[in-house]
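The file final_37.cif contains mmCIF, C-alpha atoms:
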```
data_entry
loop_
_atom_site.label_atom_id
_atom_site.label_comp_id
_atom_site.auth_asym_id
_atom_site.auth_seq_id
_atom_site.Cartn_x
_atom_site.Cartn_y
_atom_site.Cartn_z
CA MET A 25 -20.87 -2.82 -5.96
CA LYS A 26 -19.03 0.46 -5.50
CA VAL A 27 -15.52 0.86 -6.94
CA ALA A 28 -12.87 3.51 -6.31
CA VAL A 29 -11.41 5.13 -9.43
CA ILE A 30 -8.12 6.97 -8.89
CA VAL A 31 -7.00 9.59 -11.40
CA LEU A 32 -3.58 11.13 -10.72
CA ASN A 33 -3.32 14.61 -12.20
CA TYR A 34 -0.13 16.48 -13.00
CA ASN A 35 -0.70 19.52 -15.21
CA SER A 36 -3.32 17.55 -17.17
CA SER A 37 -6.62 19.16 -16.25
CA ALA A 38 -7.90 19.14 -19.86
CA ASP A 39 -7.22 15.39 -20.14
CA CYS A 40 -8.74 14.92 -16.70
CA ARG A 41 -12.00 16.51 -17.82
CA LYS A 42 -12.26 14.19 -20.83
CA CYS A 43 -11.36 11.12 -18.75
CA ILE A 44 -13.97 11.91 -16.11
CA SER A 45 -16.64 12.49 -18.76
CA HIS A 46 -16.02 8.89 -19.90
CA LEU A 47 -16.01 7.54 -16.35
CA LYS A 48 -19.29 9.26 -15.54
CA ARG A 49 -20.96 7.25 -18.33
CA GLN A 50 -20.01 3.89 -16.81
CA GLU A 51 -22.94 1.55 -16.20
CA GLY A 52 -23.58 -1.48 -14.02
CA VAL A 53 -21.38 -0.32 -11.16
CA GLU A 54 -21.27 2.61 -8.74
CA ILE A 55 -17.98 4.52 -8.63
CA GLU A 56 -16.24 7.15 -6.53
CA ILE A 57 -13.80 9.14 -8.64
CA ILE A 58 -10.82 10.25 -6.57
CA ILE A 59 -8.70 12.93 -8.23
CA VAL A 60 -5.26 13.29 -6.68
CA ASP A 61 -3.38 16.40 -7.76
CA ASN A 62 0.36 15.74 -7.68
CA ARG A 63 1.53 19.35 -7.15
CA SER A 64 0.51 20.71 -10.55
CA ARG A 65 0.95 24.34 -11.56
CA GLU A 66 -1.36 26.55 -9.54
CA ASP A 67 -3.72 27.22 -12.46
CA ASP A 68 -3.99 23.53 -13.37
CA ALA A 69 -4.51 22.45 -9.75
CA LEU A 70 -7.29 25.01 -9.38
CA ALA A 71 -8.87 23.85 -12.64
CA VAL A 72 -8.93 20.21 -11.58
CA LYS A 73 -10.19 21.11 -8.09
CA SER A 74 -13.05 23.02 -9.71
CA LEU A 75 -13.71 20.03 -12.00
CA ALA A 76 -13.91 17.71 -8.99
CA ALA A 77 -16.50 19.96 -7.30
CA GLU A 78 -18.49 20.27 -10.52
CA GLN A 79 -18.54 16.50 -11.19
CA ASP A 80 -18.98 15.39 -7.56
CA CYS A 81 -15.55 13.77 -7.35
CA THR A 82 -13.28 13.50 -4.33
CA PHE A 83 -10.31 15.87 -4.61
CA ILE A 84 -7.06 15.32 -2.71
CA ALA A 85 -4.03 17.61 -3.09
CA ALA A 86 -0.63 15.98 -2.54
CA LYS A 87 1.66 17.94 -0.24
CA GLU A 88 4.61 17.24 -2.55
CA ASN A 89 5.22 15.46 -5.85
CA ARG A 90 6.98 12.23 -4.92
CA GLY A 91 6.21 10.46 -8.16
CA TYR A 92 3.66 8.21 -9.80
CA ASN A 93 3.43 5.43 -7.21
CA ALA A 94 3.39 7.80 -4.24
CA GLY A 95 0.69 9.92 -5.85
CA ASN A 96 -1.52 6.92 -6.60
CA ASN A 97 -0.95 5.64 -3.07
CA ILE A 98 -2.69 8.75 -1.74
CA GLY A 99 -5.83 7.69 -3.60
CA LEU A 100 -5.38 4.02 -2.70
CA ARG A 101 -5.09 4.82 1.01
CA HIS A 102 -8.31 6.81 0.78
CA ALA A 103 -9.95 3.81 -0.90
CA ALA A 104 -8.60 1.46 1.80
CA GLU A 105 -9.94 3.70 4.58
CA LYS A 106 -13.39 3.59 2.97
CA GLY A 107 -13.30 -0.20 2.66
CA TYR A 108 -13.34 -0.56 -1.11
CA GLU A 109 -12.73 -4.05 -2.47
CA TYR A 110 -11.45 -2.87 -5.86
CA ALA A 111 -9.86 0.22 -7.38
CA LEU A 112 -9.23 1.33 -10.94
CA ILE A 113 -5.99 3.26 -11.50
CA ALA A 114 -6.38 5.47 -14.59
CA ASN A 115 -4.09 8.09 -16.08
CA PRO A 116 -5.84 11.35 -17.05
CA ASP A 117 -5.25 10.60 -20.75
CA MET A 118 -7.32 7.39 -20.64
CA GLU A 119 -10.67 7.18 -22.43
CA PHE A 120 -13.36 4.55 -21.90
CA PRO A 121 -15.68 4.13 -24.89
CA GLN A 122 -17.25 0.96 -23.41
CA ARG A 123 -19.90 1.89 -20.86
CA ASP A 124 -19.57 -1.47 -19.10
CA TYR A 125 -15.76 -1.30 -18.96
CA ILE A 126 -15.46 -1.26 -15.15
CA ALA A 127 -18.28 -3.78 -14.73
CA LYS A 128 -16.40 -6.25 -16.95
CA LEU A 129 -13.28 -5.91 -14.79
CA VAL A 130 -15.30 -6.39 -11.61
CA ASN A 131 -16.89 -9.56 -13.03
CA LEU A 132 -13.48 -10.96 -13.92
CA MET A 133 -12.06 -10.30 -10.46
CA GLU A 134 -15.14 -11.78 -8.79
CA SER A 135 -14.74 -14.98 -10.83
CA LYS A 136 -10.97 -15.28 -10.26
CA PRO A 137 -10.03 -14.65 -6.60
CA GLU A 138 -6.39 -15.52 -7.37
CA VAL A 139 -6.07 -12.40 -9.56
CA ALA A 140 -4.50 -9.39 -7.80
CA VAL A 141 -4.30 -7.09 -10.82
CA CYS A 142 -6.34 -7.12 -14.02
CA GLY A 143 -5.67 -5.14 -17.17
CA SER A 144 -7.73 -4.64 -20.28
CA ASN A 145 -6.94 -4.22 -23.93
CA ILE A 146 -5.37 -0.75 -24.22
CA VAL A 147 -4.96 0.87 -27.62
CA THR A 148 -3.38 4.16 -28.63
CA THR A 149 -5.24 6.66 -30.80
CA GLU A 150 -3.27 5.19 -33.72
CA GLY A 151 -4.59 1.72 -32.90
CA HIS A 152 -1.41 0.19 -31.40
CA ARG A 153 -1.96 -2.33 -28.58
CA GLN A 154 -0.16 -1.83 -25.24
CA ASN A 155 -1.26 -4.91 -23.25
CA PRO A 156 -0.41 -7.54 -22.07
CA LYS A 157 3.36 -7.21 -21.62
CA ARG A 158 6.28 -9.51 -20.94
CA TYR A 159 9.54 -8.95 -19.07
CA THR A 160 12.79 -8.16 -20.85
CA ALA A 161 15.01 -11.25 -20.52
CA TYR A 162 18.43 -10.80 -18.92
CA LEU A 163 20.43 -11.33 -22.12
CA GLU A 164 18.07 -9.10 -24.11
CA GLU A 165 18.81 -6.24 -21.75
CA LEU A 166 22.50 -7.00 -21.29
CA LEU A 167 23.25 -7.33 -25.02
CA TRP A 168 21.21 -4.30 -26.04
CA PRO A 169 22.93 -3.63 -29.43
CA ILE A 170 22.21 -7.18 -30.63
CA ASN A 171 18.71 -7.10 -29.18
CA GLY A 172 18.00 -3.76 -30.90
CA LEU A 173 19.11 -5.21 -34.23
CA CYS A 174 16.95 -8.30 -33.73
CA ASN A 175 13.96 -6.09 -32.95
CA LEU A 176 14.45 -4.26 -36.24
CA LEU A 177 15.03 -7.38 -38.33
CA PHE A 178 12.47 -9.73 -36.80
CA ARG A 179 9.98 -7.24 -35.30
CA LYS A 180 10.23 -8.74 -31.84
CA SER A 181 7.54 -7.50 -29.50
CA PHE A 182 7.13 -7.25 -25.75
CA ILE A 183 3.34 -7.25 -26.25
CA LEU A 184 1.72 -10.70 -26.11
CA ASP A 185 -1.21 -11.96 -28.19
CA VAL A 186 -4.81 -10.88 -27.69
CA ALA A 187 -6.27 -13.93 -25.93
CA ASN A 188 -7.68 -13.58 -22.42
CA GLN A 189 -4.76 -14.89 -20.35
CA TYR A 190 -2.69 -14.79 -17.20
CA CYS A 191 0.38 -12.62 -17.81
CA GLU A 192 3.58 -11.32 -16.22
CA MET A 193 3.06 -7.59 -16.55
CA LEU A 194 0.41 -5.00 -17.42
CA MET A 195 0.44 -1.40 -18.60
CA GLY A 196 0.44 0.98 -15.64
CA SER A 197 -1.64 3.68 -17.33
CA CYS A 198 -4.85 1.78 -16.58
CA MET A 199 -5.20 -1.23 -14.28
CA PHE A 200 -7.72 -2.73 -11.90
CA VAL A 201 -6.43 -3.82 -8.48
CA ARG A 202 -7.73 -5.92 -5.61
CA MET A 203 -7.46 -3.75 -2.50
CA SER A 204 -6.70 -6.66 -0.15
CA PHE A 205 -3.56 -7.32 -2.22
CA ILE A 206 -2.58 -3.63 -2.27
CA GLU A 207 -2.85 -3.47 1.51
CA LYS A 208 -0.95 -6.75 1.87
CA ILE A 209 2.10 -5.40 -0.02
CA GLY A 210 1.99 -2.08 1.84
CA PHE A 211 0.77 -0.15 -1.23
CA PHE A 212 2.85 0.67 -4.32
CA ASP A 213 6.64 0.90 -3.92
CA GLU A 214 7.44 4.60 -3.55
CA ASN A 215 11.19 4.21 -4.10
CA VAL A 216 10.79 4.89 -7.82
CA PHE A 217 9.69 8.36 -8.91
CA LEU A 218 8.65 7.37 -12.42
CA TYR A 219 9.16 4.34 -14.71
CA CYS A 220 9.52 0.63 -13.87
CA GLU A 221 6.39 0.62 -11.70
CA GLU A 222 4.98 -2.13 -13.93
CA PRO A 223 7.74 -4.77 -13.57
CA ILE A 224 7.96 -4.02 -9.84
CA LEU A 225 4.23 -4.63 -9.41
CA GLY A 226 4.45 -7.81 -11.48
CA LYS A 227 7.14 -9.19 -9.16
CA GLN A 228 5.10 -8.18 -6.10
CA VAL A 229 2.11 -10.10 -7.45
CA LYS A 230 4.25 -13.18 -8.04
CA THR A 231 5.83 -12.96 -4.57
CA ALA A 232 2.35 -12.80 -3.04
CA ASN A 233 1.48 -16.06 -4.89
CA MET A 234 -1.22 -14.27 -6.84
CA LYS A 235 -1.67 -13.59 -10.56
CA MET A 236 -2.11 -10.88 -13.16
CA PHE A 237 -4.77 -11.28 -15.82
CA TYR A 238 -5.30 -9.70 -19.23
CA LEU A 239 -8.94 -9.25 -20.26
CA ASN A 240 -9.20 -8.66 -24.00
CA ASP A 241 -12.99 -8.29 -23.77
CA ALA A 242 -12.64 -4.80 -22.26
CA THR A 243 -10.96 -1.96 -24.17
CA ALA A 244 -9.70 1.48 -23.17
CA VAL A 245 -7.95 4.14 -25.27
CA HIS A 246 -4.64 5.68 -24.21
CA ALA A 247 -4.64 9.14 -25.81
CA HIS A 248 -1.01 9.81 -24.90
CA VAL A 249 0.98 12.58 -26.60
CA ALA A 250 4.65 11.58 -26.72
CA SER A 251 5.92 15.10 -27.46
CA GLU A 252 4.75 16.29 -24.04
CA LYS A 253 7.09 14.04 -22.04
CA GLY A 254 9.68 16.73 -21.32
CA SER A 255 13.47 16.70 -21.36
CA PHE A 256 15.00 13.59 -22.96
CA VAL A 257 18.10 13.66 -20.74
CA ARG A 258 16.11 14.17 -17.55
CA ARG A 259 13.73 11.33 -18.45
CA HIS A 260 16.65 8.98 -19.08
CA ASP A 261 18.26 9.91 -15.76
CA ILE A 262 14.98 9.15 -13.97
CA TYR A 263 14.58 5.91 -15.94
CA TRP A 264 18.11 4.80 -15.11
CA ASN A 265 17.55 5.32 -11.37
CA SER A 266 14.24 3.44 -11.46
CA ARG A 267 15.53 0.59 -13.62
CA TRP A 268 18.59 0.06 -11.45
CA TYR A 269 16.41 0.03 -8.33
CA TYR A 270 14.21 -2.63 -9.94
CA LEU A 271 17.17 -4.74 -11.07
CA LYS A 272 18.79 -4.67 -7.61
CA ASN A 273 15.64 -5.26 -5.57
CA TYR A 274 13.23 -7.29 -7.68
CA ALA A 275 14.88 -8.99 -10.67
CA GLY A 276 16.59 -11.72 -8.62
CA TYR A 277 19.94 -11.47 -10.41
CA SER A 278 23.24 -12.57 -8.85
CA HIS A 279 25.99 -10.09 -7.89
CA MET A 280 27.92 -11.03 -11.03
CA GLN A 281 24.87 -10.58 -13.25
CA LEU A 282 24.20 -7.18 -11.68
CA ALA A 283 27.81 -6.07 -12.16
CA LEU A 284 27.71 -6.96 -15.85
CA MET A 285 24.31 -5.31 -16.23
CA TYR A 286 25.53 -2.13 -14.53
CA VAL A 287 28.36 -1.73 -17.05
CA SER A 288 26.06 -2.53 -19.97
CA LYS A 289 23.42 -0.06 -18.80
CA LYS A 290 25.95 2.73 -18.22
CA VAL A 291 27.33 2.28 -21.74
CA HIS A 292 23.81 2.16 -23.18
CA TYR A 293 22.63 5.37 -21.53
CA SER A 294 25.89 7.18 -22.30
CA PHE A 295 25.38 6.18 -25.93
CA LYS A 296 21.78 7.44 -25.87
CA LYS A 297 22.77 10.78 -24.36
CA MET A 298 25.53 11.22 -26.93
CA GLN A 299 23.02 10.49 -29.72
CA PHE A 300 20.67 13.08 -28.28
CA ALA A 301 23.44 15.71 -27.97
CA LEU A 302 24.50 15.15 -31.61
CA CYS A 303 20.90 15.49 -32.78
CA ARG A 304 20.60 18.79 -30.89
CA ILE A 305 23.77 20.09 -32.55
CA LYS A 306 22.42 19.24 -36.03
#
```
Take the structure in the file and write it out as structure tokens.
Amino acid sequence: MKVAVIVLNYNSSADCRKCISHLKRQEGVEIEIIIVDNRSREDDALAVKSLAAEQDCTFIAAKENRGYNAGNNIGLRHAAEKGYEYALIANPDMEFPQRDYIAKLVNLMESKPEVAVCGSNIVTTEGHRQNPKRYTAYLEELLWPINGLCNLLFRKSFILDVANQYCEMLMGSCMFVRMSFIEKIGFFDENVFLYCEEPILGKQVKTANMKMFYLNDATAVHAHVASEKGSFVRRHDIYWNSRWYYLKNYAGYSHMQLALMYVSKKVHYSFKKMQFALCRIK
């Protein structure tokens, strides 16, 4: 079986090279690596285009950077046009030490036709697990000061245990999707630029009467560098827009619940920005 692998690049050509070196060592399945450049700097875009030619990958340059979902949709539409049954979405900073990683995901999807999206065990370079995930409950998000205190005191986690299991949500940095489902939902929701793609996709899977599955038997490494995320304030503004879009359109809350959440969120993000400003002054 041949599988599409979509790698969305944005000023990450060095990570891209390492990721593709891992993907090229995959066994038991034939893959087409599709590198989508999401309007990187000119030097980085040229570097990743050269890498694609060197490693026999498909290279597609986005006309504009419209965010994570829109960028991945470029690769997914290419995969749909070529009739692929499955696609792996992988960030450039993903590493795949298991040579049968993709084959394991294919086998799982073949055995469970009800599964629309499958995710593996994902660990950071420090060994922290990132899958599978659960949703934030309404009161947890609304009463954020109390929830934050509880997290500190009782070490609450949004990461579930390690058993192979159906789950609500999976890490977006690396996931395996059934193309018939992706086409059914009209591809990823492009109304969010960045953040909250994961809970949106989880709700779309549920609405389609399909399931997400966590496969602990396959492991990938997320070699993410937190210090390279960019401006704190800008990231929080983007997150706020994405989170509010999710809450309004996917969470299923009443008008009263949304009104209360809006006030709570505004206070929360104002508090965060004030904290950041004070830290900058110090």
Picked residues, the PyMOL selection byres ((chain A and resi 54) around 7), expected as a list in words: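 Expected selection for the PyMOL selection byres ((chain A and resi 54) around 7) here is Met25, Lys26, Val27, Val53 and Ile55 of chain A.
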Answer key for the PyMOL selection byres ((chain A and resi 228-234) around 6), residues as a JSON list (two decimals) with C-alpha atoms, in the frame of the given file:
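Written file, part_36.json:
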```
[["chain", "number", "residue", "atom", "x", "y", "z"],
["A", 138, "GLU", "CA", -6.39, -15.52, -7.37],
["A", 139, "VAL", "CA", -6.07, -12.40, -9.56],
["A", 140, "ALA", "CA", -4.50, -9.39, -7.80],
["A", 225, "LEU", "CA", 4.23, -4.63, -9.41],
["A", 226, "GLY", "CA", 4.45, -7.81, -11.48],
["A", 227, "LYS", "CA", 7.14, -9.19, -9.16],
["A", 235, "LYS", "CA", -1.67, -13.59, -10.56]]
```
Of the listed residues A:Ile209, A:Val216, A:Leu173, A:Ala244, that which approaches Met195 (chain A) most closely, counting only C-alpha atoms: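 With only C-alpha atoms as the atom set, the closest residue is A:Ala244.
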Distance of CA of Gly107 (chain A) from CA of Asp241 (chain A), expressed in Å to one decimal place: 27.6 Å
Expected selection from the PyMOL selection byres ((chain A and resi 32) around 9), given as a list of chain:residue names: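 This file gives the following for the PyMOL selection byres ((chain A and resi 32) around 9): A:Ile30, A:Val31, A:Asn33, A:Tyr34, A:Cys40, A:Ile58, A:Ile59, A:Val60, A:Asp61, A:Asn62, A:Tyr92, A:Gly95, A:Asn96, A:Gly99, A:Ile113, A:Ala114, A:Asn115, A:Pro116.
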CA of Tyr269 (chain A) to CA of Leu218 (chain A), distance in Å rounded to a single decimal: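 CA of Leu218 (chain A) lies at a distance of 11.4 Å from CA of Tyr269 (chain A).
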Contact residues around region 197-204 of chain A with only C-alpha atoms at 8 Å, ignoring same-chain residues under 5 positions, as an MDAnalysis selection string: chainID A and resid 104 108:115 118 129 133 139:144 246
Could you write out the selected residues, including C-alpha atoms, as a PDB file, in the coordinates of the input?
```
ATOM      1  CA  ALA A 104      -8.600   1.460   1.800  1.00  0.00           C
ATOM      2  CA  TYR A 108     -13.340  -0.560  -1.110  1.00  0.00           C
ATOM      3  CA  GLU A 109     -12.730  -4.050  -2.470  1.00  0.00           C
ATOM      4  CA  TYR A 110     -11.450  -2.870  -5.860  1.00  0.00           C
ATOM      5  CA  ALA A 111      -9.860   0.220  -7.380  1.00  0.00           C
ATOM      6  CA  LEU A 112      -9.230   1.330 -10.940  1.00  0.00           C
ATOM      7  CA  ILE A 113      -5.990   3.260 -11.500  1.00  0.00           C
ATOM      8  CA  ALA A 114      -6.380   5.470 -14.590  1.00  0.00           C
ATOM      9  CA  ASN A 115      -4.090   8.090 -16.080  1.00  0.00           C
ATOM     10  CA  MET A 118      -7.320   7.390 -20.640  1.00  0.00           C
ATOM     11  CA  LEU A 129     -13.280  -5.910 -14.790  1.00  0.00           C
ATOM     12  CA  MET A 133     -12.060 -10.300 -10.460  1.00  0.00           C
ATOM     13  CA  VAL A 139      -6.070 -12.400  -9.560  1.00  0.00           C
ATOM     14  CA  ALA A 140      -4.500  -9.390  -7.800  1.00  0.00           C
ATOM     15  CA  VAL A 141      -4.300  -7.090 -10.820  1.00  0.00           C
ATOM     16  CA  CYS A 142      -6.340  -7.120 -14.020  1.00  0.00           C
ATOM     17  CA  GLY A 143      -5.670  -5.140 -17.170  1.00  0.00           C
ATOM     18  CA  SER A 144      -7.730  -4.640 -20.280  1.00  0.00           C
ATOM     19  CA  HIS A 246      -4.640   5.680 -24.210  1.00  0.00           C
TER      20      HIS A 246
END
```
Point-to-point distance from CA of Ala275 (chain A) to CA of Asp185 (chain A), Å rounded to tenths: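 Distance between the two atoms: 24.0 Å.
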Counting all atoms listed in the file, the option among A:Ser135, A:Thr160, A:Asn93, A:Ser36 closest to Asp117 (chain A):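 Closest to Asp117 (chain A), using all atoms listed in the file: A:Ser36.
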Would you fill the gaps in region 145-156 of chain A so it has all heavy atoms, then print it as a compact mmCIF listing (two decimals), keeping the file's coordinate frame?
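File out.txt, as written:
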```txt
# COMPACT_ATOMS: atom_id res chain seq x y z
N ASN A 145 -7.54 -4.63 -22.67
CA ASN A 145 -6.94 -4.22 -23.93
C ASN A 145 -6.79 -2.70 -23.89
O ASN A 145 -7.75 -1.99 -23.56
CB ASN A 145 -7.84 -4.63 -25.09
CG ASN A 145 -7.27 -4.25 -26.45
OD1 ASN A 145 -6.06 -4.14 -26.60
ND2 ASN A 145 -8.14 -4.03 -27.41
N ILE A 146 -5.61 -2.20 -24.16
CA ILE A 146 -5.37 -0.75 -24.22
C ILE A 146 -4.80 -0.44 -25.59
O ILE A 146 -3.81 -1.05 -26.02
CB ILE A 146 -4.40 -0.28 -23.13
CG1 ILE A 146 -4.97 -0.56 -21.73
CG2 ILE A 146 -4.09 1.21 -23.27
CD1 ILE A 146 -4.02 -0.21 -20.59
N VAL A 147 -5.43 0.48 -26.30
CA VAL A 147 -4.96 0.87 -27.62
C VAL A 147 -4.66 2.36 -27.64
O VAL A 147 -5.29 3.14 -26.93
CB VAL A 147 -5.99 0.52 -28.73
CG1 VAL A 147 -6.17 -0.98 -28.85
CG2 VAL A 147 -7.33 1.21 -28.47
N THR A 148 -3.67 2.74 -28.44
CA THR A 148 -3.38 4.16 -28.63
C THR A 148 -4.37 4.73 -29.63
O THR A 148 -5.15 4.00 -30.26
CB THR A 148 -1.96 4.36 -29.17
OG1 THR A 148 -1.88 3.79 -30.50
CG2 THR A 148 -0.94 3.68 -28.26
N THR A 149 -4.35 6.04 -29.81
CA THR A 149 -5.24 6.66 -30.80
C THR A 149 -4.90 6.23 -32.22
O THR A 149 -5.72 6.35 -33.12
CB THR A 149 -5.17 8.20 -30.68
OG1 THR A 149 -3.79 8.61 -30.71
CG2 THR A 149 -5.81 8.68 -29.39
N GLU A 150 -3.67 5.71 -32.40
CA GLU A 150 -3.27 5.19 -33.72
C GLU A 150 -3.62 3.72 -33.88
O GLU A 150 -3.39 3.13 -34.93
CB GLU A 150 -1.75 5.35 -33.93
CG GLU A 150 -1.27 6.78 -34.01
CD GLU A 150 -1.08 7.40 -32.61
OE1 GLU A 150 -0.96 6.61 -31.62
OE2 GLU A 150 -1.07 8.63 -32.51
N GLY A 151 -4.17 3.11 -32.81
CA GLY A 151 -4.59 1.72 -32.90
C GLY A 151 -3.57 0.69 -32.45
O GLY A 151 -3.77 -0.51 -32.62
N HIS A 152 -2.45 1.13 -31.85
CA HIS A 152 -1.41 0.19 -31.40
C HIS A 152 -1.78 -0.37 -30.01
O HIS A 152 -2.16 0.38 -29.11
CB HIS A 152 -0.05 0.88 -31.32
CG HIS A 152 0.40 1.46 -32.62
ND1 HIS A 152 0.54 0.70 -33.76
CD2 HIS A 152 0.73 2.73 -32.98
CE1 HIS A 152 0.95 1.47 -34.76
NE2 HIS A 152 1.07 2.71 -34.31
N ARG A 153 -1.65 -1.68 -29.84
CA ARG A 153 -1.96 -2.33 -28.58
C ARG A 153 -0.82 -2.16 -27.58
O ARG A 153 0.35 -2.17 -27.95
CB ARG A 153 -2.20 -3.83 -28.79
CG ARG A 153 -3.51 -4.17 -29.47
CD ARG A 153 -3.67 -5.68 -29.68
NE ARG A 153 -3.42 -6.39 -28.45
CZ ARG A 153 -2.43 -7.28 -28.29
NH1 ARG A 153 -1.59 -7.53 -29.25
NH2 ARG A 153 -2.28 -7.91 -27.13
N GLN A 154 -1.16 -2.02 -26.29
CA GLN A 154 -0.16 -1.83 -25.24
C GLN A 154 -0.20 -2.90 -24.15
O GLN A 154 0.60 -2.87 -23.23
CB GLN A 154 -0.33 -0.44 -24.61
CG GLN A 154 -0.09 0.71 -25.58
CD GLN A 154 -0.16 2.07 -24.91
OE1 GLN A 154 -0.96 2.30 -24.02
NE2 GLN A 154 0.69 2.98 -25.36
N ASN A 155 -1.11 -3.84 -24.24
CA ASN A 155 -1.26 -4.91 -23.25
C ASN A 155 -1.49 -6.24 -23.97
O ASN A 155 -1.99 -6.23 -25.10
CB ASN A 155 -2.47 -4.63 -22.34
CG ASN A 155 -2.09 -4.12 -20.97
OD1 ASN A 155 -0.95 -4.20 -20.54
ND2 ASN A 155 -3.08 -3.61 -20.26
N PRO A 156 -1.20 -7.38 -23.28
CA PRO A 156 -0.41 -7.54 -22.07
C PRO A 156 1.08 -7.53 -22.41
O PRO A 156 1.45 -7.67 -23.57
CB PRO A 156 -0.84 -8.92 -21.57
CG PRO A 156 -1.15 -9.67 -22.83
CD PRO A 156 -1.72 -8.66 -23.79
```
